[in-house]
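Presented below is the structure to which this report refers.
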Amino acid sequence: MAIKELTVFVVFSWIVCTTGREFFSSTDKVAQLFEEEKDLLESFRLYIDAEEKNVERMKSALLILQLYTYFDPENPEKTLRDPVAAYKLLRRVRKEWLTIVEFTQQSLYKKYQELLAYADIPELEDLDGAASELIRLQEFYKLYPHNITKETPLNADEAYHMGFVAYDEDKFQHAFLWFSYSLDRLTEYSTTTEEKLLHFLSSSAYHFGSLPVAIYFGQRLLNLDPTNEKIKVELSLYKLLRFQRTSNPDIFTLNTKSDNSYEALCRGEVDERTSKRQRALSCRYSTGGGNPRLMYAPVKEEVEWDEPRIIRYHDIISDREIEFLKNISRPQLSRSETRRGISNYRGSQSVFLEEDNTVLARISQSIADITGLSMESAEGLHVQNYGIGGRFGPHYDTWDDENGRIATFLIYMSDVEIGGATVFPEVGVAVQPKKGSAVFWYNLHKNGKLDLKTEHAGCPVLVGNKWVANKWIHEFGQEFRRPCSLSEWE
Ligand SMILES: *[C@@H]1O[C@H](CO)[C@@H](O)[C@H](O)[C@H]1NC(C)=O
Ligand SMILES: *[C@@H]1O[C@H](CO)[C@@H](O)[C@H](O)[C@H]1NC(C)=O
């Protein structure tokens, strides 16, 4: 009974969620781990209960077996000369052995091990991937370990892992700062040792080019372990090099220079819209040029930028519709690819929703009404959930193609607390996600050429869970809706 209960429980709870592994590229998938953890612990509890019952049964069996020997005392001498006593002994031992085999076979150990193999547990790559994304976030937003752990402190072992991943990726300054954070939090319960940390602190500082710091930590390690021959050799090397190297970079202060406009925009260091030009931009209610469906329920339209024209439409999708879209997308999400395949450039999971349903039809109709464009050649709605530190580097939505993506309608299905803006580095504009709103722009000029100013990117999500849906609208079918032009300039 116990075995059956356990089997049914474990198989049901785990089979359900084994689609699409890889946790760190979708925060929604990370959230599933809460349930996973509950199931894991519950199954462990059931397993222990079942084993305890088993142990009780085995103890009773042992008592009975011992009782036989008590009532049936035989000494070796008697058994040697009495064939009947010998027979009785043989039979008894045989029976005892059979009983023990039978009872120990009832252990659930093997079965439980097999069941555990079905569990959807993060792989080591997931763990390293999450640490790696955290370090990329730190680089991007220039965050020290103490900045990023303000809400959720890490213990010495966790911080050591962060440092180790940074070290492995040759990011020696971040590695150093994490090892130092770990050293500050070392307790008697840590598995990380002071020796290990001092070794890595010294080595990170050396690789970063800060020799006095490398020597300082090397010396501390030597004081702790005077027999360490390796550090003696390293120390003498560092001391020699100290006089040859000229620069001594400051390893304790993050380098904050960056001339990358994408990153600067994401950090909020520049935003052209604070200028006079922004104040001239307008906000109004639109009826899509007199569209009957919008006459009585006009949409609130806000011009985010004039060239390229980026327009925000507010309240174009309800919370209920958003929940529905997330519900049907969740089971189908898989790692988003770029034109060159899977890459760090795009940290999210996504799906094209192609099926017929009333919500998708309503959204499609609504986009057609608002933009005045035909949805005939548009792609299915592309729903996307970003991962830990999820971003999408600068890119264009269209490329040289006979039937290119003339326009993009980007719907925000969540607010994002910090980070996650859509930025246009060529024009210096950052658009913040706002749940239920959408932004719209043309990727192509009227003459059919790519508008180079529409290059855009998704900033890494620092705090929050970012969901978006894209509707990419193609050229074919728009001939009478957006007349083309032969001008070089339109
Ligand atoms: C990180 O901490 C430093 C000082 O410890 C502070 O100056 C800086 O503003 C913090 N950065 C962020 C983004 O919070
Ligand atoms: C979405 O899924 C949840 C959980 O299965 C369900 O409770 C909710 O009613 C669903 N919402 C919509 C709008 O389909």
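Convention: chains lettered A, B, ... in structure tokens order; per-chain residue numbering from 1; ligands numbered from 1 as shown.
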
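Once stretch 370-384 of chain A and its same-chain neighbours fewer than 3 positions away are set aside, Gly288, Ser329, Ser348, Gln349, Ser350, Val351, Phe352, Leu353, Glu354, Ser364, Ser366, Ile367, Trp467, Val468, Ala469, Asn470, Lys471, Trp472, Ile473, His474, Phe476, Gly477, Gln478 and Arg481 of chain A remain within 7 Å of it when counting only C-alpha atoms.
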
Contacts of A:Thr149 within 12 Å, only C-alpha atoms, excl. fewer than 2 positions in-chain, as a PyMOL selection string: chain A and resi 134+138+143-147+151-155+158-159+162+178+181+462-463

From the DSSP assignment of the backbone, select every residue of stretch 222-367 of chain A that is helix (DSSP H, G or I), and format the answer as a JSON list (two decimals) with C-alpha atoms, in the first residue's frame.
```
[["chain", "number", "residue", "atom", "x", "y", "z"],
["A", 222, "LEU", "CA", 51.05, 31.42, 3.99],
["A", 223, "ASN", "CA", 50.60, 32.56, 7.60],
["A", 224, "LEU", "CA", 47.63, 30.23, 7.90],
["A", 229, "GLU", "CA", 54.79, 25.22, -1.06],
["A", 230, "LYS", "CA", 52.61, 26.32, -3.95],
["A", 231, "ILE", "CA", 51.81, 29.71, -2.45],
["A", 232, "LYS", "CA", 55.49, 30.22, -1.60],
["A", 233, "VAL", "CA", 56.34, 29.86, -5.28],
["A", 234, "GLU", "CA", 53.46, 32.13, -6.33],
["A", 235, "LEU", "CA", 54.39, 34.77, -3.77],
["A", 236, "SER", "CA", 57.97, 34.95, -4.97],
["A", 237, "LEU", "CA", 56.71, 35.33, -8.53],
["A", 238, "TYR", "CA", 54.28, 38.11, -7.55],
["A", 239, "LYS", "CA", 57.02, 39.93, -5.67],
["A", 240, "LEU", "CA", 59.27, 39.75, -8.69],
["A", 241, "LEU", "CA", 56.56, 41.00, -11.05],
["A", 242, "ARG", "CA", 55.57, 43.85, -8.78],
["A", 261, "SER", "CA", 24.76, 53.59, -25.75],
["A", 262, "TYR", "CA", 22.54, 50.50, -25.31],
["A", 263, "GLU", "CA", 23.92, 49.90, -21.81],
["A", 264, "ALA", "CA", 23.93, 53.58, -20.87],
["A", 265, "LEU", "CA", 20.28, 53.88, -21.95],
["A", 266, "CYS", "CA", 19.33, 50.83, -19.88],
["A", 272, "GLU", "CA", 16.93, 62.10, -25.06],
["A", 273, "ARG", "CA", 13.34, 62.46, -24.04],
["A", 274, "THR", "CA", 14.15, 64.68, -21.12],
["A", 276, "LYS", "CA", 12.66, 70.02, -25.09],
["A", 277, "ARG", "CA", 11.74, 67.74, -27.94],
["A", 278, "GLN", "CA", 9.92, 65.33, -25.65],
["A", 279, "ARG", "CA", 7.68, 68.06, -24.25],
["A", 292, "PRO", "CA", -16.24, 52.53, -36.36],
["A", 293, "ARG", "CA", -15.04, 49.98, -33.81],
["A", 294, "LEU", "CA", -13.03, 52.70, -32.07],
["A", 295, "MET", "CA", -15.56, 55.54, -32.35],
["A", 319, "ASP", "CA", -5.52, 41.45, -17.13],
["A", 320, "ARG", "CA", -7.79, 38.47, -17.77],
["A", 321, "GLU", "CA", -6.70, 38.20, -21.40],
["A", 322, "ILE", "CA", -3.08, 38.44, -20.28],
["A", 323, "GLU", "CA", -3.62, 35.63, -17.78],
["A", 324, "PHE", "CA", -5.22, 33.54, -20.52],
["A", 325, "LEU", "CA", -2.29, 34.11, -22.90],
["A", 326, "LYS", "CA", 0.20, 33.17, -20.19],
["A", 327, "ASN", "CA", -1.83, 30.04, -19.39],
["A", 328, "ILE", "CA", -1.81, 28.75, -22.94],
["A", 329, "SER", "CA", 1.83, 29.73, -23.52],
["A", 330, "ARG", "CA", 3.39, 28.24, -20.38],
["A", 331, "PRO", "CA", 3.40, 24.57, -21.44],
["A", 332, "GLN", "CA", 4.85, 25.44, -24.86],
["A", 358, "THR", "CA", -11.43, 34.27, -29.42],
["A", 359, "VAL", "CA", -8.79, 36.11, -27.39],
["A", 360, "LEU", "CA", -6.17, 35.90, -30.16],
["A", 361, "ALA", "CA", -8.78, 36.93, -32.73],
["A", 362, "ARG", "CA", -9.83, 39.90, -30.59],
["A", 363, "ILE", "CA", -6.23, 41.07, -30.18],
["A", 364, "SER", "CA", -5.51, 40.69, -33.87],
["A", 365, "GLN", "CA", -8.65, 42.67, -34.79],
["A", 366, "SER", "CA", -7.78, 45.32, -32.26],
["A", 367, "ILE", "CA", -4.26, 45.75, -33.72]]
```

Stretch 279-486 of chain A: residues DSSP assigns to strand (DSSP E or B), reported as an NGL selection string: :A and (283-286 or 299-305 or 310-314 or 334-335 or 338 or 341 or 346 or 348-353 or 381-386 or 392-395 or 405-412 or 418-419 or 422-424 or 429-431 or 438-442 or 444 or 450 or 456-458 or 461-463 or 467-474)

For ligand 1, the nearest of the candidates A:Asp126, A:Glu139, A:Asp401, A:Glu77, counting only C-alpha atoms and all ligand atoms: A:Glu139

Contacts of stretch 90-104 of chain A within 8 Å, only C-alpha atoms, excl. fewer than 3 positions in-chain, as a PyMOL selection string: chain A and resi 54+57-58+61+65+86-87+107

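Once A:Pro122 and its same-chain neighbours fewer than 4 positions away are set aside, Glu22, Phe23, Asp126 and Leu127 of chain A remain within 8 Å of it when counting only C-alpha atoms.
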
Selection from above, N, CA and C atoms, as a PDB file, in the first residue's frame, can you write it?
```pdb
ATOM      1  N   GLU A  22      15.677  23.516 -18.576  1.00  0.00           N
ATOM      2  CA  GLU A  22      16.357  24.807 -18.514  1.00  0.00           C
ATOM      3  C   GLU A  22      15.502  25.831 -17.782  1.00  0.00           C
ATOM      4  N   PHE A  23      15.960  26.164 -16.602  1.00  0.00           N
ATOM      5  CA  PHE A  23      15.171  27.037 -15.743  1.00  0.00           C
ATOM      6  C   PHE A  23      15.553  28.507 -15.871  1.00  0.00           C
ATOM      7  N   ASP A 126      22.198  24.718 -15.105  1.00  0.00           N
ATOM      8  CA  ASP A 126      21.185  25.696 -14.718  1.00  0.00           C
ATOM      9  C   ASP A 126      21.715  26.597 -13.606  1.00  0.00           C
ATOM     10  N   LEU A 127      22.339  25.956 -12.638  1.00  0.00           N
ATOM     11  CA  LEU A 127      22.861  26.682 -11.486  1.00  0.00           C
ATOM     12  C   LEU A 127      23.978  27.632 -11.920  1.00  0.00           C
TER      13      LEU A 127
END
```

Contact residues around A:Val213 with only C-alpha atoms at 12 Å, ignoring same-chain residues under 5 positions, as a PyMOL selection string: chain A and resi 173+176+180+198-208+218-220+235+238-239+242+248-252

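With only C-alpha atoms and all ligand atoms as the atoms that count, the minimum distance from ligand 1 to the choices A:Leu115, A:Leu254, A:Val461, A:Leu63 is reached by A:Leu254.
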
Residues near A:Tyr345, cut-off 8 Å, only C-alpha atoms, skip fewer than 3 positions along chain, as a PyMOL selection string: chain A and resi 338+391-393

Test item: residues at most 9 Å from A:Ile121, only C-alpha atoms, excluding those fewer than 2 positions along its chain, as JSON, numbers by chain: {"A": [21, 33, 36, 118, 119, 123]}
